[in-house]
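Asker: data.pdb is reproduced below (PDB, C-alpha atoms, pLDDT in the B column).
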```
ATOM      1  CA  MET A   1      -4.678  33.615  15.256  1.00 76.00           C
ATOM      2  CA  SER A   2      -1.719  32.865  17.543  1.00 77.00           C
ATOM      3  CA  TYR A   3       0.679  33.521  14.636  1.00 79.00           C
ATOM      4  CA  LEU A   4      -0.681  37.066  14.061  1.00 80.00           C
ATOM      5  CA  PRO A   5       0.346  40.244  15.917  1.00 83.00           C
ATOM      6  CA  GLU A   6      -1.279  40.814  19.298  1.00 80.00           C
ATOM      7  CA  ASN A   7      -3.684  43.495  18.115  1.00 80.00           C
ATOM      8  CA  TYR A   8      -5.205  41.318  15.335  1.00 82.00           C
ATOM      9  CA  PRO A   9      -7.506  39.205  17.574  1.00 81.00           C
ATOM     10  CA  ALA A  10      -9.258  42.392  18.558  1.00 82.00           C
ATOM     11  CA  SER A  11     -10.348  42.889  14.942  1.00 85.00           C
ATOM     12  CA  ARG A  12     -13.665  41.220  14.158  1.00 86.00           C
ATOM     13  CA  GLU A  13     -12.916  41.307  10.426  1.00 86.00           C
ATOM     14  CA  THR A  14      -9.548  39.548  10.877  1.00 85.00           C
ATOM     15  CA  THR A  15     -11.064  36.957  13.204  1.00 84.00           C
ATOM     16  CA  ALA A  16     -13.904  36.219  10.759  1.00 87.00           C
ATOM     17  CA  PHE A  17     -11.433  35.923   7.876  1.00 86.00           C
ATOM     18  CA  GLN A  18      -9.245  33.460   9.764  1.00 86.00           C
ATOM     19  CA  GLU A  19     -12.228  31.379  10.858  1.00 86.00           C
ATOM     20  CA  ALA A  20     -13.321  31.118   7.227  1.00 89.00           C
ATOM     21  CA  LEU A  21      -9.815  30.337   5.963  1.00 89.00           C
ATOM     22  CA  GLN A  22      -8.818  27.725   8.549  1.00 88.00           C
ATOM     23  CA  PRO A  23     -11.308  24.961   7.509  1.00 89.00           C
ATOM     24  CA  GLU A  24     -10.256  25.329   3.859  1.00 91.00           C
ATOM     25  CA  VAL A  25      -6.587  24.957   4.772  1.00 91.00           C
ATOM     26  CA  VAL A  26      -7.337  21.884   6.889  1.00 91.00           C
ATOM     27  CA  LEU A  27      -9.277  20.360   3.971  1.00 93.00           C
ATOM     28  CA  LEU A  28      -6.359  21.032   1.589  1.00 94.00           C
ATOM     29  CA  TRP A  29      -3.949  19.222   3.927  1.00 94.00           C
ATOM     30  CA  GLU A  30      -6.344  16.255   4.219  1.00 94.00           C
ATOM     31  CA  VAL A  31      -6.630  16.005   0.427  1.00 93.00           C
ATOM     32  CA  ARG A  32      -2.836  16.197   0.129  1.00 94.00           C
ATOM     33  CA  ASP A  33      -2.313  13.422   2.698  1.00 94.00           C
ATOM     34  CA  ASN A  34      -4.957  11.251   1.029  1.00 93.00           C
ATOM     35  CA  LEU A  35      -3.291  11.688  -2.353  1.00 93.00           C
ATOM     36  CA  LEU A  36       0.136  10.775  -0.983  1.00 93.00           C
ATOM     37  CA  ALA A  37      -1.385   7.700   0.691  1.00 92.00           C
ATOM     38  CA  GLN A  38      -2.321   6.351  -2.754  1.00 92.00           C
ATOM     39  CA  LEU A  39       1.361   6.237  -3.708  1.00 91.00           C
ATOM     40  CA  ASP A  40       1.991   3.613  -0.999  1.00 90.00           C
ATOM     41  CA  LEU A  41       0.538   0.217  -1.889  1.00 87.00           C
ATOM     42  CA  TYR A  42      -0.282  -0.649   1.718  1.00 86.00           C
ATOM     43  CA  THR A  43      -2.188   2.581   2.423  1.00 91.00           C
ATOM     44  CA  ALA A  44      -3.821   3.064  -0.980  1.00 91.00           C
ATOM     45  CA  THR A  45      -7.604   2.732  -1.304  1.00 91.00           C
ATOM     46  CA  TRP A  46      -9.152   4.332  -4.377  1.00 91.00           C
ATOM     47  CA  GLY A  47      -5.666   4.522  -5.914  1.00 90.00           C
ATOM     48  CA  LEU A  48      -5.549   0.705  -6.211  1.00 91.00           C
ATOM     49  CA  ASP A  49      -7.508   1.063  -9.450  1.00 89.00           C
ATOM     50  CA  TYR A  50      -4.516   2.855 -11.006  1.00 89.00           C
ATOM     51  CA  TRP A  51      -2.055   0.276  -9.667  1.00 89.00           C
ATOM     52  CA  GLU A  52      -4.093  -2.573 -11.156  1.00 86.00           C
ATOM     53  CA  ASP A  53      -4.567  -0.800 -14.482  1.00 87.00           C
ATOM     54  CA  ALA A  54      -0.825  -0.190 -14.804  1.00 85.00           C
ATOM     55  CA  LEU A  55      -0.016  -3.863 -14.050  1.00 82.00           C
ATOM     56  CA  GLY A  56      -2.749  -5.319 -16.253  1.00 81.00           C
ATOM     57  CA  LEU A  57      -4.737  -6.834 -13.390  1.00 80.00           C
ATOM     58  CA  LEU A  58      -8.392  -7.241 -14.354  1.00 77.00           C
ATOM     59  CA  ASN A  59     -11.648  -8.146 -12.585  1.00 72.00           C
ATOM     60  CA  CYS A  60     -10.509  -6.912  -9.186  1.00 74.00           C
ATOM     61  CA  GLN A  61     -13.668  -5.025  -8.256  1.00 75.00           C
ATOM     62  CA  GLY A  62     -15.577  -6.471  -5.342  1.00 78.00           C
ATOM     63  CA  ILE A  63     -12.441  -7.995  -3.773  1.00 80.00           C
ATOM     64  CA  ASP A  64     -11.395  -6.793  -0.324  1.00 83.00           C
ATOM     65  CA  LEU A  65      -8.579  -4.240  -0.129  1.00 87.00           C
ATOM     66  CA  ASP A  66      -6.102  -6.595   1.566  1.00 85.00           C
ATOM     67  CA  THR A  67      -6.409  -9.200  -1.203  1.00 82.00           C
ATOM     68  CA  ARG A  68      -6.043  -6.532  -3.882  1.00 86.00           C
ATOM     69  CA  ARG A  69      -2.891  -5.198  -2.221  1.00 87.00           C
ATOM     70  CA  ARG A  70      -1.416  -8.705  -1.942  1.00 82.00           C
ATOM     71  CA  GLN A  71      -2.134  -9.328  -5.613  1.00 82.00           C
ATOM     72  CA  ILE A  72      -0.446  -6.083  -6.690  1.00 86.00           C
ATOM     73  CA  ALA A  73       2.569  -6.786  -4.460  1.00 84.00           C
ATOM     74  CA  ALA A  74       2.878 -10.293  -5.901  1.00 80.00           C
ATOM     75  CA  LYS A  75       2.679  -8.914  -9.425  1.00 81.00           C
ATOM     76  CA  LEU A  76       5.490  -6.473  -8.680  1.00 82.00           C
ATOM     77  CA  GLN A  77       7.617  -9.229  -7.122  1.00 76.00           C
ATOM     78  CA  GLY A  78       7.091 -11.466 -10.155  1.00 67.00           C
ATOM     79  CA  ARG A  79       8.490  -8.939 -12.634  1.00 71.00           C
ATOM     80  CA  THR A  80      12.043 -10.185 -12.014  1.00 72.00           C
ATOM     81  CA  THR A  81      13.791 -13.439 -12.954  1.00 79.00           C
ATOM     82  CA  THR A  82      11.846 -16.406 -11.594  1.00 82.00           C
ATOM     83  CA  THR A  83      13.867 -17.993  -8.790  1.00 85.00           C
ATOM     84  CA  PRO A  84      12.822 -20.158  -5.819  1.00 88.00           C
ATOM     85  CA  GLN A  85      13.004 -17.077  -3.589  1.00 89.00           C
ATOM     86  CA  VAL A  86      10.773 -15.095  -5.958  1.00 86.00           C
ATOM     87  CA  LEU A  87       8.255 -17.968  -5.980  1.00 88.00           C
ATOM     88  CA  LYS A  88       8.335 -18.112  -2.197  1.00 89.00           C
ATOM     89  CA  ASP A  89       7.802 -14.348  -1.871  1.00 87.00           C
ATOM     90  CA  VAL A  90       4.954 -14.293  -4.388  1.00 86.00           C
ATOM     91  CA  ALA A  91       3.189 -17.285  -2.815  1.00 86.00           C
ATOM     92  CA  GLU A  92       3.527 -16.000   0.745  1.00 86.00           C
ATOM     93  CA  THR A  93       2.310 -12.570  -0.307  1.00 84.00           C
ATOM     94  CA  LEU A  94      -0.851 -13.919  -1.935  1.00 83.00           C
ATOM     95  CA  LEU A  95      -1.622 -16.725   0.515  1.00 83.00           C
ATOM     96  CA  GLY A  96      -0.605 -14.938   3.691  1.00 82.00           C
ATOM     97  CA  VAL A  97       1.074 -18.056   5.147  1.00 84.00           C
ATOM     98  CA  GLN A  98       4.539 -19.596   5.152  1.00 87.00           C
ATOM     99  CA  VAL A  99       5.350 -21.490   1.952  1.00 88.00           C
ATOM    100  CA  ARG A 100       8.155 -23.965   1.228  1.00 89.00           C
ATOM    101  CA  VAL A 101       9.486 -24.298  -2.335  1.00 91.00           C
ATOM    102  CA  VAL A 102      10.462 -27.851  -3.367  1.00 90.00           C
ATOM    103  CA  GLU A 103      12.307 -28.334  -6.652  1.00 90.00           C
ATOM    104  CA  ILE A 104      11.904 -31.786  -8.234  1.00 89.00           C
ATOM    105  CA  PHE A 105      14.606 -31.654 -10.882  1.00 88.00           C
ATOM    106  CA  GLY A 106      14.075 -35.111 -12.403  1.00 87.00           C
ATOM    107  CA  GLU A 107      10.418 -34.334 -13.165  1.00 86.00           C
ATOM    108  CA  TYR A 108      10.898 -30.676 -14.124  1.00 86.00           C
ATOM    109  CA  ARG A 109       8.395 -29.695 -11.475  1.00 88.00           C
ATOM    110  CA  VAL A 110       8.215 -27.200  -8.634  1.00 89.00           C
ATOM    111  CA  GLU A 111       5.964 -27.675  -5.621  1.00 88.00           C
ATOM    112  CA  LEU A 112       4.844 -24.829  -3.373  1.00 87.00           C
ATOM    113  CA  VAL A 113       3.933 -26.426  -0.051  1.00 87.00           C
ATOM    114  CA  SER A 114       1.823 -24.301   2.294  1.00 84.00           C
ATOM    115  CA  GLU A 115       1.852 -24.664   6.049  1.00 77.00           C
ATOM    116  CA  ASP A 116      -0.527 -27.076   7.782  1.00 69.00           C
ATOM    117  CA  GLY A 117      -4.019 -25.794   8.446  1.00 65.00           C
ATOM    118  CA  PHE A 118      -4.121 -23.375   5.508  1.00 71.00           C
ATOM    119  CA  ARG A 119      -7.556 -23.021   3.961  1.00 72.00           C
ATOM    120  CA  PRO A 120      -7.439 -22.107   0.277  1.00 70.00           C
ATOM    121  CA  GLY A 121      -9.464 -19.081  -0.729  1.00 71.00           C
ATOM    122  CA  ILE A 122      -9.304 -16.424  -3.381  1.00 71.00           C
ATOM    123  CA  GLY A 123      -5.557 -16.075  -2.758  1.00 75.00           C
ATOM    124  CA  ALA A 124      -4.935 -19.583  -4.141  1.00 78.00           C
ATOM    125  CA  ALA A 125      -6.803 -18.775  -7.356  1.00 78.00           C
ATOM    126  CA  ARG A 126      -4.862 -15.522  -7.731  1.00 80.00           C
ATOM    127  CA  LEU A 127      -1.588 -17.370  -7.103  1.00 82.00           C
ATOM    128  CA  ARG A 128      -2.458 -19.907  -9.780  1.00 83.00           C
ATOM    129  CA  ALA A 129      -3.001 -17.107 -12.308  1.00 81.00           C
ATOM    130  CA  GLN A 130       0.218 -15.408 -11.227  1.00 80.00           C
ATOM    131  CA  LEU A 131       2.266 -18.598 -11.590  1.00 84.00           C
ATOM    132  CA  GLN A 132       0.962 -19.100 -15.121  1.00 82.00           C
ATOM    133  CA  ASP A 133       2.504 -15.726 -15.984  1.00 80.00           C
ATOM    134  CA  ILE A 134       5.912 -16.048 -14.343  1.00 82.00           C
ATOM    135  CA  MET A 135       6.812 -19.771 -14.498  1.00 83.00           C
ATOM    136  CA  PRO A 136       9.149 -20.890 -17.323  1.00 82.00           C
ATOM    137  CA  ALA A 137       7.333 -22.837 -20.036  1.00 79.00           C
ATOM    138  CA  HIS A 138       9.389 -26.015 -19.530  1.00 82.00           C
ATOM    139  CA  LEU A 139       8.514 -26.354 -15.833  1.00 83.00           C
ATOM    140  CA  ASP A 140       5.345 -27.790 -14.331  1.00 86.00           C
ATOM    141  CA  TRP A 141       4.239 -26.614 -10.892  1.00 85.00           C
ATOM    142  CA  GLN A 142       1.854 -27.521  -8.116  1.00 85.00           C
ATOM    143  CA  ILE A 143       0.462 -25.815  -5.043  1.00 82.00           C
ATOM    144  CA  VAL A 144       0.390 -28.429  -2.266  1.00 83.00           C
ATOM    145  CA  ILE A 145      -2.022 -27.764   0.598  1.00 77.00           C
ATOM    146  CA  PRO A 146      -1.610 -30.281   3.476  1.00 75.00           C
ATOM    147  CA  THR A 147      -4.984 -31.450   4.765  1.00 68.00           C
ATOM    148  CA  VAL A 148      -5.832 -33.052   8.110  1.00 63.00           C
ATOM    149  CA  ILE A 149      -8.367 -35.891   8.012  1.00 66.00           C
ATOM    150  CA  ARG A 150     -10.011 -36.911  11.281  1.00 68.00           C
ATOM    151  CA  VAL A 151     -10.801 -40.638  11.592  1.00 69.00           C
ATOM    152  CA  PRO A 152     -13.208 -41.573  14.425  1.00 70.00           C
ATOM    153  CA  ILE A 153     -12.253 -44.632  16.526  1.00 67.00           C
ATOM    154  CA  ARG A 154     -14.916 -46.368  18.623  1.00 65.00           C
ATOM    155  CA  THR A 155     -14.317 -48.253  21.851  1.00 61.00           C
ATOM    156  CA  HIS A 156     -16.642 -51.011  23.119  1.00 58.00           C
ATOM    157  CA  LEU A 157     -18.110 -51.525  26.598  1.00 60.00           C
ATOM    158  CA  GLY A 158     -20.051 -54.683  27.253  1.00 58.00           C
ATOM    159  CA  MET A 159     -21.399 -56.888  30.031  1.00 60.00           C
ATOM    160  CA  ARG A 160     -18.270 -59.071  30.045  1.00 58.00           C
ATOM    161  CA  LEU A 161     -15.795 -56.178  29.829  1.00 52.00           C
ATOM    162  CA  SER A 162     -14.521 -54.564  32.992  1.00 49.00           C
ATOM    163  CA  GLU A 163     -12.773 -51.737  31.198  1.00 53.00           C
ATOM    164  CA  THR A 164     -12.664 -50.048  27.842  1.00 53.00           C
ATOM    165  CA  ALA A 165     -11.457 -52.348  25.099  1.00 52.00           C
ATOM    166  CA  LEU A 166      -8.617 -51.349  22.842  1.00 54.00           C
ATOM    167  CA  PRO A 167      -9.706 -49.783  19.564  1.00 54.00           C
ATOM    168  CA  PRO A 168     -10.163 -52.518  16.940  1.00 55.00           C
ATOM    169  CA  ARG A 169      -7.663 -52.470  14.091  1.00 55.00           C
ATOM    170  CA  ASP A 170      -8.956 -52.569  10.560  1.00 53.00           C
ATOM    171  CA  ARG A 171      -6.770 -54.922   8.523  1.00 55.00           C
ATOM    172  CA  ALA A 172      -7.679 -53.032   5.365  1.00 54.00           C
ATOM    173  CA  LEU A 173      -5.859 -49.936   6.542  1.00 49.00           C
ATOM    174  CA  PRO A 174      -2.375 -49.457   5.031  1.00 50.00           C
ATOM    175  CA  GLN A 175       0.642 -50.048   7.217  1.00 50.00           C
ATOM    176  CA  ALA A 176       2.172 -46.635   6.383  1.00 49.00           C
ATOM    177  CA  ASP A 177       0.807 -43.310   7.500  1.00 49.00           C
ATOM    178  CA  ILE A 178      -1.496 -41.518   5.082  1.00 49.00           C
ATOM    179  CA  VAL A 179      -0.501 -37.921   4.366  1.00 51.00           C
ATOM    180  CA  PRO A 180      -3.292 -36.374   2.293  1.00 54.00           C
ATOM    181  CA  ALA A 181      -2.850 -33.153   0.372  1.00 56.00           C
ATOM    182  CA  ALA A 182      -4.798 -31.084  -2.115  1.00 56.00           C
ATOM    183  CA  ARG A 183      -2.900 -29.978  -5.203  1.00 60.00           C
ATOM    184  CA  LEU A 184      -3.371 -27.168  -7.705  1.00 57.00           C
ATOM    185  CA  GLY A 185      -1.216 -27.321 -10.795  1.00 57.00           C
ATOM    186  CA  TRP A 186      -0.818 -26.045 -14.307  1.00 51.00           C
ATOM    187  CA  ARG A 187      -2.794 -28.973 -15.727  1.00 48.00           C
ATOM    188  CA  LEU A 188      -5.478 -28.897 -13.034  1.00 40.00           C
ATOM    189  CA  SER A 189      -8.472 -26.587 -13.163  1.00 36.00           C
ATOM    190  CA  VAL A 190      -9.855 -27.646  -9.774  1.00 39.00           C
ATOM    191  CA  THR A 191      -8.495 -28.960  -6.488  1.00 43.00           C
ATOM    192  CA  THR A 192      -7.873 -32.699  -6.572  1.00 45.00           C
ATOM    193  CA  LEU A 193      -9.139 -35.157  -3.982  1.00 45.00           C
ATOM    194  CA  PRO A 194      -6.836 -36.052  -1.057  1.00 45.00           C
ATOM    195  CA  MET A 195      -4.296 -38.697  -1.996  1.00 45.00           C
ATOM    196  CA  ARG A 196      -1.556 -40.812  -0.470  1.00 44.00           C
ATOM    197  CA  ALA A 197       1.806 -39.099  -0.358  1.00 42.00           C
ATOM    198  CA  LYS A 198       3.628 -42.154  -1.751  1.00 43.00           C
ATOM    199  CA  GLU A 199       1.185 -42.560  -4.613  1.00 43.00           C
ATOM    200  CA  ASP A 200       2.463 -42.218  -8.193  1.00 42.00           C
ATOM    201  CA  ARG A 201       2.368 -38.538  -9.107  1.00 45.00           C
ATOM    202  CA  ASN A 202       2.784 -38.840 -12.870  1.00 45.00           C
ATOM    203  CA  GLY A 203      -0.850 -38.041 -13.528  1.00 41.00           C
ATOM    204  CA  LEU A 204      -1.111 -35.163 -11.038  1.00 38.00           C
TER     205      LEU A 204
END
```
Once you've parsed the file, please lay out its structure as structure tokens.
Answerer:
Amino acid sequence: MSYLPENYPASRETTAFQEALQPEVVLLWEVRDNLLAQLDLYTATWGLDYWEDALGLLNCQGIDLDTRRRQIAAKLQGRTTTTPQVLKDVAETLLGVQVRVVEIFGEYRVELVSEDGFRPGIGAARLRAQLQDIMPAHLDWQIVIPTVIRVPIRTHLGMRLSETALPPRDRALPQADIVPAARLGWRLSVTTLPMRAKEDRNGL
């Protein structure tokens, strides 16, 4: 009403017309803003169905919105030439953590090493499917997830001991440190058991 001439507010008909028109205009603006939000991947909600259909992503119903957005973003990033930087971007987008790309030229293999403490979830499975699409056929690949293993050490107190004894050393333990890791690769359908870092990797 403030945009109309001064004598219009005195008209009951004009006031009633504006009060009926204003909610419809507000609704139109809300619908417009909602539609435009679907054009941005990171604000889209119901529009994600169209993004996924256009990119050929299937079976995405029931997944949370953040995971769906990461998967679409990774798919868009993987539509270019596959380089270490593209692999890094795709992996970090899907996993949500820092990833280091290690190229092992002599074995024609690429390892994607996640940061310590990462817990694999649906993002790892989606990354595996994405890598199958974008990796060159002559290269093998693995997703390496460092794992921390806690080993309990007992101390002994006895009648003849005045203080805590040093932890006993098991002679069967290897001299080198054990660095376990779980690996997902092209030839692996499930996560492997933790293994020694220096162990032969030919069968992995």
Asker: Just the residues within 9 Å of Leu48 of chain A, please, counting all atoms listed in the file, with nothing from its chain fewer than 6 positions along; format it as a list in words.
Answerer: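 Here the answer would be Gln38, Leu41, Leu65, Arg68, Arg69 and Ile72 of chain A.
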Asker: Evaluated on this file, the PyMOL selection byres ((chain A and resi 100) around 8) picks out some residues - which ones are they, written as a list in words?
Answerer: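 So the PyMOL selection byres ((chain A and resi 100) around 8) ends up selecting Lys88, Gln98, Val99, Val101, Val102, Leu112, Val113, Ser114 and Glu115 of chain A.
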Asker: Output C-alpha atoms for every residue in the selection just made, as a PDB file, in the frame of the given file.
Answerer:
```pdb
ATOM      1  CA  LYS A  88       8.335 -18.112  -2.197  1.00 89.00           C
ATOM      2  CA  GLN A  98       4.539 -19.596   5.152  1.00 87.00           C
ATOM      3  CA  VAL A  99       5.350 -21.490   1.952  1.00 88.00           C
ATOM      4  CA  VAL A 101       9.486 -24.298  -2.335  1.00 91.00           C
ATOM      5  CA  VAL A 102      10.462 -27.851  -3.367  1.00 90.00           C
ATOM      6  CA  LEU A 112       4.844 -24.829  -3.373  1.00 87.00           C
ATOM      7  CA  VAL A 113       3.933 -26.426  -0.051  1.00 87.00           C
ATOM      8  CA  SER A 114       1.823 -24.301   2.294  1.00 84.00           C
ATOM      9  CA  GLU A 115       1.852 -24.664   6.049  1.00 77.00           C
TER      10      GLU A 115
END
```
Asker: Could you list, as a VMD selection string, every residue matched by the PyMOL selection byres ((chain A and resi 90) around 12) in this structure?
Answerer: chain A and resid 70 to 80 82 to 89 91 to 101 112 123 to 124 126 to 131 133 to 135
Asker: Go through A:Thr67, A:Asn7, A:Thr45, A:Gln18 one by one, measure the shortest atom-to-atom distance of each to Gly121 of chain A using all atoms listed in the file, and give the residue with the smallest value.
Answerer: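 Among the listed residues, A:Thr67 lies closest to Gly121 of chain A.
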Asker: Write out as a PyMOL selection string which residues come within 10 Å of Trp46 of chain A when counting only C-alpha atoms, dropping same-chain ones fewer than 2 positions away.
Answerer: chain A and resi 34-35+37-38+43-44+48-51+65
Asker: For a quick check of understanding, using all atoms listed in the file, which of A:Leu36, A:Leu57, A:Ala20, A:Ile63 has the smallest distance to Ile122 of chain A?
Answerer: A:Ile63
Asker: Could you tell me how far atom CA of Phe118 of chain A lies from atom CA of Ile145 of chain A, in Å and to one decimal?
Answerer: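 Atom CA of Ile145 of chain A lies 6.9 Å from atom CA of Phe118 of chain A.
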Asker: Would you write out, as a PDB file with C-alpha atoms, keeping the file's coordinate frame, every residue that the PyMOL selection byres ((chain A and resi 110) around 7) captures in this file?
Answerer:
```pdb
ATOM      1  CA  VAL A 102      10.462 -27.851  -3.367  1.00 90.00           C
ATOM      2  CA  GLU A 103      12.307 -28.334  -6.652  1.00 90.00           C
ATOM      3  CA  ILE A 104      11.904 -31.786  -8.234  1.00 89.00           C
ATOM      4  CA  ARG A 109       8.395 -29.695 -11.475  1.00 88.00           C
ATOM      5  CA  GLU A 111       5.964 -27.675  -5.621  1.00 88.00           C
ATOM      6  CA  LEU A 112       4.844 -24.829  -3.373  1.00 87.00           C
ATOM      7  CA  ASP A 140       5.345 -27.790 -14.331  1.00 86.00           C
ATOM      8  CA  TRP A 141       4.239 -26.614 -10.892  1.00 85.00           C
ATOM      9  CA  GLN A 142       1.854 -27.521  -8.116  1.00 85.00           C
TER      10      GLN A 142
END
```
Asker: Which value, in Å to one decimal, gives the distance between atom CA of Gly47 of chain A and atom CA of Gln61 of chain A?
Answerer: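 Pair atom CA of Gly47 of chain A / atom CA of Gln61 of chain A returns 12.7 Å.
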Asker: Which value, in Å to one decimal, gives the distance between atom CA of Tyr42 of chain A and atom CA of Ala125 of chain A?
Answerer: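 These two atoms are separated by 21.3 Å.
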Asker: I need the residue nearest Gln22 of chain A from this list: A:Met1, A:Glu107, A:Ala10, A:Asn59. Use all atoms listed in the file for the distance.
Answerer: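 Of A:Met1, A:Glu107, A:Ala10, A:Asn59, the one nearest Gln22 of chain A is A:Met1, counting all atoms listed in the file.
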Asker: Using all atoms listed in the file, which of the listed residues (A:Thr81, A:Tyr3, A:Leu27, A:Thr15) sits closest to Pro136 of chain A?
Answerer: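 Under the stated criterion, the closest residue is A:Thr81.
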Asker: Counting all atoms listed in the file, which residue out of A:Leu139, A:Leu58, A:Tyr8, A:Leu21 sits closest to Tyr108 of chain A?
Answerer: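 That would be A:Leu139, the residue with the smallest distance to Tyr108 of chain A.
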